[in-house]
>>> print(open('structure_12.cif').read())   # mmCIF, C-alpha atoms
data_input
#
loop_
_atom_site.group_PDB
_atom_site.id
_atom_site.type_symbol
_atom_site.label_atom_id
_atom_site.label_comp_id
_atom_site.auth_asym_id
_atom_site.auth_seq_id
_atom_site.Cartn_x
_atom_site.Cartn_y
_atom_site.Cartn_z
ATOM 1 C CA MET A 1 88.545 2.347 175.371
ATOM 2 C CA ARG A 2 91.457 4.183 176.920
ATOM 3 C CA SER A 3 94.238 5.041 174.570
ATOM 4 C CA ILE A 4 97.417 4.347 176.511
ATOM 5 C CA ALA A 5 100.787 3.577 175.029
ATOM 6 C CA ILE A 6 101.513 0.276 176.761
ATOM 7 C CA LEU A 7 104.911 -0.555 175.399
ATOM 8 C CA VAL A 8 107.897 1.144 173.827
ATOM 9 C CA PHE A 9 110.682 -1.326 173.168
ATOM 10 C CA CYS A 10 113.660 -1.465 170.878
ATOM 11 C CA LEU A 11 114.661 -4.590 168.971
ATOM 12 C CA ALA A 12 118.297 -3.602 168.978
ATOM 13 C CA ALA A 13 120.003 -6.981 169.028
ATOM 14 C CA LEU A 14 117.805 -9.948 168.226
ATOM 15 C CA PRO A 15 119.903 -13.055 167.631
ATOM 16 C CA ALA A 16 119.445 -15.088 164.466
ATOM 17 C CA HIS A 17 117.539 -17.847 166.265
ATOM 18 C CA ALA A 18 114.871 -15.306 167.226
ATOM 19 C CA CYS A 19 114.300 -14.689 163.512
ATOM 20 C CA LEU A 20 113.706 -18.379 162.923
ATOM 21 C CA PHE A 21 111.459 -18.515 165.951
ATOM 22 C CA ALA A 22 109.416 -15.592 164.632
ATOM 23 C CA ARG A 23 108.810 -17.211 161.255
ATOM 24 C CA ASP A 24 108.367 -20.871 162.139
ATOM 25 C CA THR A 25 107.008 -21.349 165.657
ATOM 26 C CA GLN A 26 103.767 -23.006 166.727
ATOM 27 C CA PRO A 27 101.230 -21.214 168.970
ATOM 28 C CA GLY A 28 102.179 -23.137 172.117
ATOM 29 C CA TYR A 29 105.759 -21.931 171.896
ATOM 30 C CA TRP A 30 104.625 -18.313 171.666
ATOM 31 C CA TYR A 31 102.874 -18.806 175.017
ATOM 32 C CA GLU A 32 106.025 -20.332 176.522
ATOM 33 C CA TRP A 33 108.352 -17.632 175.164
ATOM 34 C CA ALA A 34 106.279 -14.523 175.794
ATOM 35 C CA ASN A 35 104.953 -12.920 178.929
ATOM 36 C CA VAL A 36 102.931 -10.471 176.791
ATOM 37 C CA LEU A 37 101.263 -11.642 173.580
ATOM 38 C CA PHE A 38 98.683 -9.672 171.619
ATOM 39 C CA ALA A 39 97.111 -9.082 168.228
ATOM 40 C CA ALA A 40 97.199 -5.543 166.865
ATOM 41 C CA ASP A 41 96.431 -3.531 163.765
ATOM 42 C CA VAL A 42 99.197 -1.340 162.391
ATOM 43 C CA THR A 43 97.997 2.267 162.472
ATOM 44 C CA GLY A 44 101.214 3.993 161.490
ATOM 45 C CA VAL A 45 104.684 3.328 160.130
ATOM 46 C CA GLU A 46 107.374 5.999 160.292
ATOM 47 C CA HIS A 47 111.062 5.855 159.431
ATOM 48 C CA ASP A 48 113.838 7.486 161.418
ATOM 49 C CA PRO A 49 116.815 7.304 159.059
ATOM 50 C CA ALA A 50 119.119 9.021 161.542
ATOM 51 C CA LYS A 51 118.656 6.147 164.012
ATOM 52 C CA SER A 52 117.950 3.431 161.392
ATOM 53 C CA LEU A 53 114.616 2.710 163.084
ATOM 54 C CA ASP A 54 111.120 1.968 161.908
ATOM 55 C CA ILE A 55 108.515 3.243 164.346
ATOM 56 C CA ILE A 56 105.352 1.174 164.266
ATOM 57 C CA THR A 57 102.183 2.382 165.964
ATOM 58 C CA LEU A 58 99.625 -0.276 166.832
ATOM 59 C CA ARG A 59 96.031 -0.548 168.005
ATOM 60 C CA VAL A 60 95.724 -3.573 170.281
ATOM 61 C CA VAL A 61 92.693 -5.657 169.286
ATOM 62 C CA GLU A 62 93.105 -8.812 171.386
ATOM 63 C CA THR A 63 95.321 -9.880 174.262
ATOM 64 C CA PHE A 64 96.297 -13.549 174.289
ATOM 65 C CA LYS A 65 98.610 -13.369 177.302
ATOM 66 C CA GLY A 66 99.661 -10.719 179.782
ATOM 67 C CA PRO A 67 98.075 -7.510 180.988
ATOM 68 C CA ALA A 68 95.155 -6.240 178.950
ATOM 69 C CA GLY A 69 96.361 -2.672 179.665
ATOM 70 C CA GLY A 70 96.139 -0.047 177.003
ATOM 71 C CA ALA A 71 94.689 0.189 173.573
ATOM 72 C CA THR A 72 97.783 1.355 171.717
ATOM 73 C CA ALA A 73 101.445 0.483 171.510
ATOM 74 C CA ARG A 74 104.475 1.959 169.804
ATOM 75 C CA LEU A 75 107.447 -0.150 168.754
ATOM 76 C CA GLU A 76 110.860 1.049 167.651
ATOM 77 C CA VAL A 77 112.325 -1.592 165.381
ATOM 78 C CA PRO A 78 115.810 -1.537 163.824
ATOM 79 C CA SER A 79 115.274 -1.214 160.076
ATOM 80 C CA ARG A 80 117.767 -4.011 159.413
ATOM 81 C CA LEU A 81 115.560 -6.546 161.226
ATOM 82 C CA TRP A 82 113.198 -7.023 158.301
ATOM 83 C CA ALA A 83 115.874 -8.088 155.831
ATOM 84 C CA SER A 84 117.949 -10.086 158.310
ATOM 85 C CA CYS A 85 114.886 -12.078 159.465
ATOM 86 C CA ARG A 86 113.324 -12.271 156.006
ATOM 87 C CA LEU A 87 110.210 -10.521 157.292
ATOM 88 C CA GLU A 88 108.308 -7.676 155.672
ATOM 89 C CA LEU A 89 107.765 -4.313 157.290
ATOM 90 C CA PRO A 90 104.035 -4.430 158.021
ATOM 91 C CA PRO A 91 101.947 -1.878 156.138
ATOM 92 C CA VAL A 92 99.307 0.324 157.748
ATOM 93 C CA GLY A 93 96.188 -1.784 158.231
ATOM 94 C CA ALA A 94 98.030 -5.096 158.652
ATOM 95 C CA ARG A 95 97.115 -7.399 161.542
ATOM 96 C CA VAL A 96 100.209 -8.510 163.472
ATOM 97 C CA LEU A 97 101.148 -10.681 166.421
ATOM 98 C CA VAL A 98 103.331 -8.885 168.966
ATOM 99 C CA ALA A 99 105.228 -10.738 171.677
ATOM 100 C CA PHE A 100 107.471 -9.556 174.509
ATOM 101 C CA ASN A 101 109.491 -11.910 176.686
ATOM 102 C CA PRO A 102 110.811 -11.261 180.222
ATOM 103 C CA ASN A 103 114.194 -10.156 178.766
ATOM 104 C CA SER A 104 112.450 -7.342 176.834
ATOM 105 C CA ASP A 105 113.038 -9.104 173.518
ATOM 106 C CA THR A 106 110.254 -8.279 171.095
ATOM 107 C CA LEU A 107 108.937 -10.044 168.024
ATOM 108 C CA LEU A 108 106.402 -8.750 165.524
ATOM 109 C CA VAL A 109 105.041 -10.992 162.759
ATOM 110 C CA PRO A 110 102.035 -11.014 160.419
ATOM 111 C CA LEU A 111 98.941 -12.626 161.968
ATOM 112 C CA SER A 112 96.390 -14.478 159.871
ATOM 113 C CA ALA A 113 92.860 -15.147 161.111
ATOM 114 C CA SER A 114 93.535 -18.895 161.170
ATOM 115 C CA TYR A 115 96.698 -18.479 163.249
ATOM 116 C CA ALA A 116 94.809 -16.217 165.679
ATOM 117 C CA ASP A 117 92.234 -19.014 166.035
ATOM 118 C CA GLU A 118 95.050 -21.444 166.861
ATOM 119 C CA LEU A 119 96.367 -19.028 169.510
ATOM 120 C CA ARG A 120 92.870 -18.793 171.040
ATOM 121 C CA ARG A 121 92.589 -22.605 171.192
ATOM 122 C CA GLN A 122 96.028 -22.807 172.822
ATOM 123 C CA ARG A 123 94.996 -20.190 175.379
ATOM 124 C CA ARG A 124 92.089 -22.398 176.480
ATOM 125 C CA VAL A 125 94.464 -25.348 176.944
ATOM 126 C CA ASP A 126 96.788 -23.458 179.302
#
>>> encode(input="structure_12.cif", output="structure tokens")
Amino acid sequence: MRSIAILVFCLAALPAHACLFARDTQPGYWYEWANVLFAADVTGVEHDPAKSLDIITLRVVETFKGPAGGATARLEVPSRLWASCRLELPPVGARVLVAFNPNSDTLLVPLSASYADELRRQRRVD
């Protein structure tokens, strides 16, 4: 599998409603909101205190929507996002759901096996 960095985005200014969306949405709404939606394993977490960023490196394991492109991704996430959205910074080894919308807004949330199954069922419906 080719190892290509497919996305580098910054979550500089997510509004509060995006935080609620990230925590509470159903699979169908992810498909409506995102033009790229994939499952990934966290392979690295770095901190850039000078820029107040967390840099998360991911290995893409399954694409639910969008181009199947590369095998890796790198996200630059404002460190304040985790507390303001009541989300936890994912540890290395965690499985996460990553979504990008057409406005380049990005969301990253934990992904359980059962929720991934729901996303797969929704994909078949669309």
>>> atom_distance(input="structure_12.cif", atom1="CA of Val45 (chain A)", atom2="CA of Ser79 (chain A)")
11.5 Å
>>> atom_distance(input="structure_12.cif", atom1="CA of Gly44 (chain A)", atom2="CA of Trp30 (chain A)")
24.8 Å
>>> closest_atom_pairs(input="structure_12.cif", of="region 41-74 of chain A", to="region 93-107 of chain A", cutoff="8 Å", atoms="only C-alpha atoms", output="Markdown table")
| residue | atom | partner | partner_atom | distance |
| --- | --- | --- | --- | --- |
| A:Asp41 | CA | A:Arg95 | CA | 4.5 |
| A:Val42 | CA | A:Gly93 | CA | 5.2 |
| A:Thr43 | CA | A:Gly93 | CA | 6.1 |
>>> write_last_selection(input="structure_12.cif", atoms="C-alpha atoms", output="mmCIF file, in the coordinates of the input")
data_model
loop_
_atom_site.group_PDB
_atom_site.id
_atom_site.type_symbol
_atom_site.label_atom_id
_atom_site.label_comp_id
_atom_site.auth_asym_id
_atom_site.auth_seq_id
_atom_site.Cartn_x
_atom_site.Cartn_y
_atom_site.Cartn_z
ATOM 1 C CA ASP A 41 96.431 -3.531 163.765
ATOM 2 C CA VAL A 42 99.197 -1.340 162.391
ATOM 3 C CA THR A 43 97.997 2.267 162.472
#
>>> atom_distance(input="structure_12.cif", atom1="CA of Val109 (chain A)", atom2="CA of Pro91 (chain A)")
11.7 Å
>>> resolve_selection(input="structure_12.cif", expression="the PyMOL selection byres ((chain A and resi 39) around 12)", output="PyMOL selection string")
chain A and resi 36-38+40-42+58-66+68+71-73+94-99+107-113+115-117+119-120
>>> resolve_selection(input="structure_12.cif", expression="the PyMOL selection byres ((chain A and resi 76) around 12)", output="ChimeraX atom specification")
/A:7-12,44-48,51-58,73-75,77-81,105-108
>>> resolve_selection(input="structure_12.cif", expression="the PyMOL selection byres ((chain A and resi 87) around 10)", output="PyMOL selection string")
chain A and resi 19+22-23+81-86+88-90+108-110
>>> write_last_selection(input="structure_12.cif", atoms="C-alpha atoms", output="PDB file, in the frame of the given file")
ATOM      1  CA  CYS A  19     114.300 -14.689 163.512  1.00  0.00           C
ATOM      2  CA  ALA A  22     109.416 -15.592 164.632  1.00  0.00           C
ATOM      3  CA  ARG A  23     108.810 -17.211 161.255  1.00  0.00           C
ATOM      4  CA  LEU A  81     115.560  -6.546 161.226  1.00  0.00           C
ATOM      5  CA  TRP A  82     113.198  -7.023 158.301  1.00  0.00           C
ATOM      6  CA  ALA A  83     115.874  -8.088 155.831  1.00  0.00           C
ATOM      7  CA  SER A  84     117.949 -10.086 158.310  1.00  0.00           C
ATOM      8  CA  CYS A  85     114.886 -12.078 159.465  1.00  0.00           C
ATOM      9  CA  ARG A  86     113.324 -12.271 156.006  1.00  0.00           C
ATOM     10  CA  GLU A  88     108.308  -7.676 155.672  1.00  0.00           C
ATOM     11  CA  LEU A  89     107.765  -4.313 157.290  1.00  0.00           C
ATOM     12  CA  PRO A  90     104.035  -4.430 158.021  1.00  0.00           C
ATOM     13  CA  LEU A 108     106.402  -8.750 165.524  1.00  0.00           C
ATOM     14  CA  VAL A 109     105.041 -10.992 162.759  1.00  0.00           C
ATOM     15  CA  PRO A 110     102.035 -11.014 160.419  1.00  0.00           C
TER      16      PRO A 110
END
